[in-house]
>>> print(open('final.cif').read())   # mmCIF, C-alpha atoms
data_data
#
loop_
_atom_site.label_atom_id
_atom_site.label_comp_id
_atom_site.auth_asym_id
_atom_site.auth_seq_id
_atom_site.Cartn_x
_atom_site.Cartn_y
_atom_site.Cartn_z
CA MET A 76 126.30 62.41 62.26
CA PRO A 77 124.01 64.69 64.26
CA ALA A 78 121.94 63.15 67.01
CA GLY A 79 118.17 62.98 66.62
CA ARG A 80 117.53 65.82 69.06
CA GLU A 81 119.84 68.07 67.08
CA LYS A 82 117.80 67.60 63.93
CA SER A 83 114.47 68.49 65.52
CA GLY A 84 114.87 72.23 65.01
CA ARG A 85 114.93 73.01 68.71
CA PHE A 86 118.61 73.94 68.57
CA ARG A 87 120.43 76.55 66.57
CA LYS A 88 123.79 75.85 64.95
CA VAL A 89 126.90 77.70 66.09
CA PHE A 90 130.15 77.29 64.20
CA VAL A 91 133.05 77.23 66.64
CA LYS A 92 136.71 77.29 65.69
CA THR A 93 138.65 74.90 67.92
CA PRO A 94 142.21 75.45 69.15
CA GLY A 95 143.32 72.89 66.55
CA SER A 96 141.89 75.26 63.86
CA ARG A 97 139.05 72.85 63.10
CA ASN A 98 135.57 74.19 62.46
CA VAL A 99 133.04 72.35 64.61
CA VAL A 100 129.28 72.66 64.75
CA HIS A 101 127.88 73.21 68.23
CA TYR A 102 124.19 73.08 68.99
CA ARG A 103 122.71 75.62 71.37
CA GLU A 104 119.14 76.02 72.51
CA SER A 105 117.48 78.95 70.76
CA LYS A 106 115.96 81.88 72.65
CA PRO A 107 112.19 82.25 72.86
CA SER A 108 110.44 84.84 70.72
CA LYS A 109 110.16 88.45 71.86
CA THR A 110 107.27 89.27 74.17
CA ILE A 111 104.67 91.43 72.45
CA CYS A 112 101.89 93.74 73.64
CA GLY A 113 98.54 92.01 74.07
CA THR A 114 96.64 94.57 72.03
CA CYS A 115 98.97 96.34 69.57
CA LYS A 116 101.38 93.36 69.12
CA LYS A 117 104.46 95.56 69.27
CA PRO A 118 107.51 94.15 71.06
CA LEU A 119 107.56 95.11 74.74
CA SER A 120 110.48 97.06 76.12
CA GLY A 121 111.85 96.30 79.56
CA VAL A 122 111.16 92.58 79.25
CA PRO A 123 114.39 90.58 78.87
CA ARG A 124 114.44 87.67 76.46
CA ASP A 125 116.25 84.49 77.38
CA ARG A 126 115.79 80.80 78.01
CA PRO A 127 113.58 79.89 81.00
CA ALA A 128 116.57 78.38 82.82
CA VAL A 129 118.40 81.72 82.61
CA MET A 130 115.30 83.76 83.40
CA ALA A 131 114.80 81.81 86.62
CA LYS A 132 117.95 83.44 87.96
CA VAL A 133 116.76 86.97 87.09
CA PRO A 134 114.89 88.73 89.91
CA LYS A 135 111.18 89.09 89.33
CA THR A 136 111.30 92.89 89.38
CA ALA A 137 113.78 92.80 86.50
CA ARG A 138 111.53 90.60 84.36
CA ARG A 139 108.80 93.15 83.66
CA PRO A 140 107.98 96.84 84.20
CA GLU A 141 106.69 97.67 87.68
CA ARG A 142 103.28 98.99 86.60
CA PRO A 143 99.80 97.48 86.19
CA TYR A 144 99.73 95.18 83.13
CA GLY A 145 103.55 95.34 83.11
CA GLY A 146 104.94 92.64 80.82
CA VAL A 147 101.52 92.17 79.17
CA LEU A 148 100.59 95.51 77.62
CA CYS A 149 102.85 98.26 76.31
CA SER A 150 102.85 101.61 78.12
CA LYS A 151 100.72 103.31 75.46
CA CYS A 152 98.01 100.64 75.56
CA THR A 153 98.05 100.64 79.39
CA ARG A 154 97.44 104.39 79.47
CA GLN A 155 94.60 104.07 76.96
CA LEU A 156 93.05 101.21 78.93
CA LEU A 157 93.21 103.11 82.23
CA LYS A 158 91.72 106.20 80.56
CA ASP A 159 88.86 104.12 79.15
CA GLN A 160 88.24 102.52 82.54
CA VAL A 161 88.11 105.92 84.28
CA ARG A 162 85.84 107.42 81.65
CA GLY A 163 83.59 104.35 81.75
CA GLU A 164 83.14 104.76 85.51
CA ALA A 165 82.26 108.44 85.14
CA GLN A 166 79.34 107.76 82.79
CA MET B 289 91.46 128.40 84.49
CA SER B 290 93.30 125.18 84.32
CA LEU B 291 91.55 121.87 84.63
CA TYR B 292 94.26 120.70 87.02
CA GLU B 293 93.46 123.16 89.82
CA ILE B 294 94.18 122.44 93.48
CA GLY B 295 91.80 119.81 94.81
CA ARG B 296 91.14 118.07 91.47
CA VAL B 297 91.00 114.28 91.85
CA CYS B 298 92.94 112.46 89.12
CA VAL B 299 94.01 108.96 88.16
CA LYS B 300 97.69 108.42 87.43
CA LEU B 301 98.24 106.81 84.02
CA ALA B 302 101.99 106.26 83.84
CA GLY B 303 104.59 104.58 85.99
CA ARG B 304 104.35 102.24 88.95
CA ASP B 305 101.54 104.34 90.49
CA ALA B 306 99.41 103.95 87.32
CA GLY B 307 95.71 103.36 88.01
CA LYS B 308 95.86 104.93 91.48
CA ARG B 309 93.89 107.94 92.64
CA CYS B 310 95.52 111.21 93.60
CA VAL B 311 94.67 114.86 94.18
CA VAL B 312 96.40 117.97 92.89
CA VAL B 313 98.08 119.70 95.83
CA GLU B 314 100.11 122.39 94.11
CA GLN B 315 100.48 123.84 90.62
CA VAL B 316 104.11 124.20 89.62
CA ASP B 317 103.59 125.68 86.14
CA LYS B 318 101.44 125.09 83.04
CA GLN B 319 102.68 121.56 82.53
CA TYR B 320 103.54 120.27 86.02
CA VAL B 321 101.60 119.76 89.25
CA VAL B 322 102.35 118.20 92.64
CA ILE B 323 100.06 115.31 93.56
CA ASP B 324 99.40 113.29 96.71
CA GLY B 325 97.07 110.46 97.70
CA ALA B 326 97.20 106.74 96.96
CA THR B 327 100.28 107.52 94.88
CA ARG B 328 103.58 108.81 96.17
CA ARG B 329 103.67 112.58 96.78
CA ARG B 330 105.56 113.95 93.77
CA LYS B 331 105.72 116.40 90.89
CA VAL B 332 104.16 115.00 87.71
CA ASN B 333 103.49 116.00 84.12
CA ILE B 334 99.77 116.59 83.56
CA ASN B 335 100.00 114.34 80.49
CA HIS B 336 100.34 111.47 82.97
CA LEU B 337 97.06 112.31 84.72
CA GLU B 338 93.43 111.66 83.85
CA PRO B 339 91.15 114.18 85.59
CA LEU B 340 87.91 113.16 87.29
CA ALA B 341 84.84 115.30 87.95
CA GLN B 342 85.43 115.02 91.70
CA MET B 343 86.98 117.86 93.73
CA LEU B 344 88.43 117.68 97.25
CA ASP B 345 89.04 120.39 99.83
CA VAL B 346 92.81 120.36 100.33
CA LYS B 347 93.68 124.03 100.53
CA SER B 348 96.60 123.69 102.93
CA GLY B 349 98.07 120.92 100.78
CA SER B 350 99.49 118.99 103.73
CA HIS B 351 99.57 115.20 103.68
CA ALA B 352 97.29 115.01 106.76
CA ASP B 353 94.67 117.13 104.96
CA VAL B 354 94.82 114.90 101.90
CA LYS B 355 94.46 111.84 104.12
CA THR B 356 91.30 113.11 105.83
CA ALA B 357 89.82 114.25 102.49
CA PHE B 358 90.45 110.87 100.88
CA GLY B 359 89.20 109.12 104.02
CA LYS B 360 85.75 110.63 103.41
CA ILE B 361 85.61 109.10 99.89
CA GLY B 362 87.05 105.79 101.10
CA VAL B 363 90.38 105.82 99.25
CA GLU B 364 93.43 104.54 101.09
CA VAL B 365 96.33 106.96 101.10
CA LEU B 366 99.93 105.85 100.83
CA ASP B 367 101.91 106.78 103.92
CA THR B 368 105.65 106.93 103.54
CA LYS B 369 107.49 106.28 106.75
CA LYS B 370 110.57 108.26 107.51
CA LYS B 371 113.56 106.04 108.02
CA GLU B 372 115.03 106.36 111.49
CA SER B 373 118.78 106.33 111.55
CA LYS B 374 119.86 103.41 113.69
CA GLU B 375 123.31 102.69 114.95
CA ARG B 376 125.06 99.88 113.18
CA PRO B 377 125.16 96.71 115.25
CA LYS B 378 128.68 95.88 116.30
CA LYS B 379 129.31 92.60 114.59
CA GLN B 380 132.43 91.45 116.42
CA LYS B 381 130.83 91.45 119.82
CA VAL B 382 127.82 89.52 118.57
CA ILE B 383 130.01 86.90 116.94
CA LYS B 384 132.14 86.51 120.03
CA ALA B 385 129.11 86.10 122.25
CA LYS B 386 127.69 83.54 119.81
CA LEU B 387 130.95 81.61 119.69
CA VAL B 388 131.19 81.49 123.46
CA ALA B 389 127.60 80.28 123.68
CA LYS B 390 128.29 77.64 121.03
CA LYS B 391 131.39 76.41 122.81
CA GLU B 392 129.56 76.14 126.07
CA THR B 393 126.71 74.18 124.50
CA LEU B 394 129.17 71.88 122.74
CA LYS B 395 130.99 71.26 125.99
CA ALA B 396 127.75 70.53 127.78
CA GLU B 397 126.65 68.10 125.05
CA ALA B 398 129.91 66.23 124.64
CA LYS B 399 131.10 65.67 128.18
CA PRO B 400 132.07 61.98 128.07
CA LYS B 401 134.11 62.29 124.85
CA PRO B 402 136.75 64.91 125.72
CA ALA B 403 138.80 62.49 127.82
CA LYS B 404 139.53 60.30 124.75
CA LYS B 405 140.17 63.30 122.52
CA GLU B 406 142.60 64.77 124.96
CA ALA B 407 144.40 61.46 125.18
CA LYS B 408 144.64 61.29 121.39
CA LYS B 409 145.88 64.85 121.19
CA GLU B 410 148.54 64.10 123.73
CA GLU B 411 149.66 61.11 121.70
CA VAL B 412 149.82 63.17 118.56
CA SER B 413 151.73 65.91 120.24
CA GLU B 414 154.18 63.37 121.64
CA SER B 415 154.70 61.75 118.26
CA ASP B 416 155.17 65.19 116.72
CA ALA B 417 157.72 66.01 119.34
CA THR B 418 159.61 62.77 118.68
CA GLU B 419 159.57 63.43 114.93
CA ASP B 420 160.94 66.87 115.51
CA GLN B 421 163.69 65.42 117.62
CA GLU B 422 164.57 62.89 114.93
CA GLU B 423 164.81 65.59 112.32
#
>>> encode(input="final.cif", output="structure tokens")
Amino acid sequence: MPAGREKSGRFRKVFVKTPGSRNVVHYRESKPSKTICGTCKKPLSGVPRDRPAVMAKVPKTARRPERPYGGVLCSKCTRQLLKDQVRGEAQ
Amino acid sequence: MSLYEIGRVCVKLAGRDAGKRCVVVEQVDKQYVVIDGATRRRKVNINHLEPLAQMLDVKSGSHADVKTAFGKIGVEVLDTKKKESKERPKKQKVIKAKLVAKKETLKAEAKPKPAKKEAKKEEVSESDATEDQEE
């Protein structure tokens, strides 16, 4: 009988074969969704995807690209934004 | 004449220097130029630059020239320091000195105790000796 927390949908099921050749259901916490660009909604590259507990051990420089709006906007949208800013100043 | 001529002020669009101001210092070929300024001094693709109307007088192309030119506009220039090669500290000596210092401090702190400890040690050594003899 699964425990209440295992039925809530927070966990994903993993079927594990034990040494005694029994199939057992293990419950593991599921990963968060992929990070997406703030404007074009495409998945961001260079942003690892894992549980917060695991991400806490990853250095901060490895969590997002080292550029302005890194980890928020994709590179294409960042370039477009910077271009727009520059051209806006010129006018 | 190319838009990216020497002295053209640009904004870098790509990479970790994105959004920073720079000036074209040297034209490598049609597609590449060398830039300097608030960014690192490096060769870049002109697709990664957004040109501004502003021009600067940097004919010699040296970093000092770029610094003075940007100083007039009020843009801070990135200075990269050259790393000086230092001799490696000799670890063993440091450790030894530290250990000696530690021992001395410990001795100074725990002066009344050692008499008992020594007595105990002597007892232990004696008992050990007797055991050895028995064996």
>>> resolve_selection(input="final.cif", expression="the PyMOL selection byres ((chain B) within 7 of (chain A))", output="MDAnalysis selection string")
chainID B and resid 301:307 338
>>> atom_distance(input="final.cif", atom1="CA of Lys117 (chain A)", atom2="CA of Arg85 (chain A)")
24.9 Å
>>> resolve_selection(input="final.cif", expression="the PyMOL selection byres ((chain B and resi 314) around 8)", output="ChimeraX atom specification")
/B:293-294,312-313,315-316,321-323,349
>>> closest_residue(input="final.cif", among="B:Thr327, B:Asn333, B:Ser348, B:Thr393", to="Val365 (chain B)", atoms="all atoms listed in the file")
B:Thr327
>>> residues_around(input="final.cif", residues="region 295-297 of chain B", least_positions_apart="2", cutoff="10 Å", atoms="all atoms listed in the file", output="list in words")
Leu291, Tyr292, Glu293, Val299, Lys300, Arg309, Cys310, Val311, Val312, Val313, Glu314, Ile323, Asp324, Gly325, Leu337, Glu338, Pro339, Leu340, Ala341, Gln342, Met343, Leu344, Asp345, Val346, Lys347, Gly349, Val354, Ala357 and Phe358 of chain B
>>> write_last_selection(input="final.cif", atoms="C-alpha atoms", output="compact mmCIF listing (two decimals), keeping the file's coordinate frame")
# COMPACT_ATOMS: atom_id res chain seq x y z
CA LEU B 291 91.55 121.87 84.63
CA TYR B 292 94.26 120.70 87.02
CA GLU B 293 93.46 123.16 89.82
CA VAL B 299 94.01 108.96 88.16
CA LYS B 300 97.69 108.42 87.43
CA ARG B 309 93.89 107.94 92.64
CA CYS B 310 95.52 111.21 93.60
CA VAL B 311 94.67 114.86 94.18
CA VAL B 312 96.40 117.97 92.89
CA VAL B 313 98.08 119.70 95.83
CA GLU B 314 100.11 122.39 94.11
CA ILE B 323 100.06 115.31 93.56
CA ASP B 324 99.40 113.29 96.71
CA GLY B 325 97.07 110.46 97.70
CA LEU B 337 97.06 112.31 84.72
CA GLU B 338 93.43 111.66 83.85
CA PRO B 339 91.15 114.18 85.59
CA LEU B 340 87.91 113.16 87.29
CA ALA B 341 84.84 115.30 87.95
CA GLN B 342 85.43 115.02 91.70
CA MET B 343 86.98 117.86 93.73
CA LEU B 344 88.43 117.68 97.25
CA ASP B 345 89.04 120.39 99.83
CA VAL B 346 92.81 120.36 100.33
CA LYS B 347 93.68 124.03 100.53
CA GLY B 349 98.07 120.92 100.78
CA VAL B 354 94.82 114.90 101.90
CA ALA B 357 89.82 114.25 102.49
CA PHE B 358 90.45 110.87 100.88
>>> atom_distance(input="final.cif", atom1="CA of Thr110 (chain A)", atom2="CA of Lys132 (chain A)")
18.4 Å
>>> residues_around(input="final.cif", residues="Val91 (chain A)", least_positions_apart="6", cutoff="12 Å", atoms="only C-alpha atoms", output="ChimeraX atom specification")
/A:97-103
>>> atom_distance(input="final.cif", atom1="CA of Val89 (chain A)", atom2="CA of Asp125 (chain A)")
16.9 Å
>>> resolve_selection(input="final.cif", expression="the PyMOL selection byres ((chain A and resi 147) around 8)", output="NGL selection string")
:A and (111-113 or 144-146 or 148-149)
>>> closest_residue(input="final.cif", among="A:Arg139, A:Lys116, A:Lys106, A:Arg126", to="Arg87 (chain A)", atoms="only C-alpha atoms")
A:Lys106
>>> closest_residue(input="final.cif", among="A:Thr93, A:Cys152, A:Ala137, A:Arg80", to="Thr114 (chain A)", atoms="all atoms listed in the file")
A:Cys152
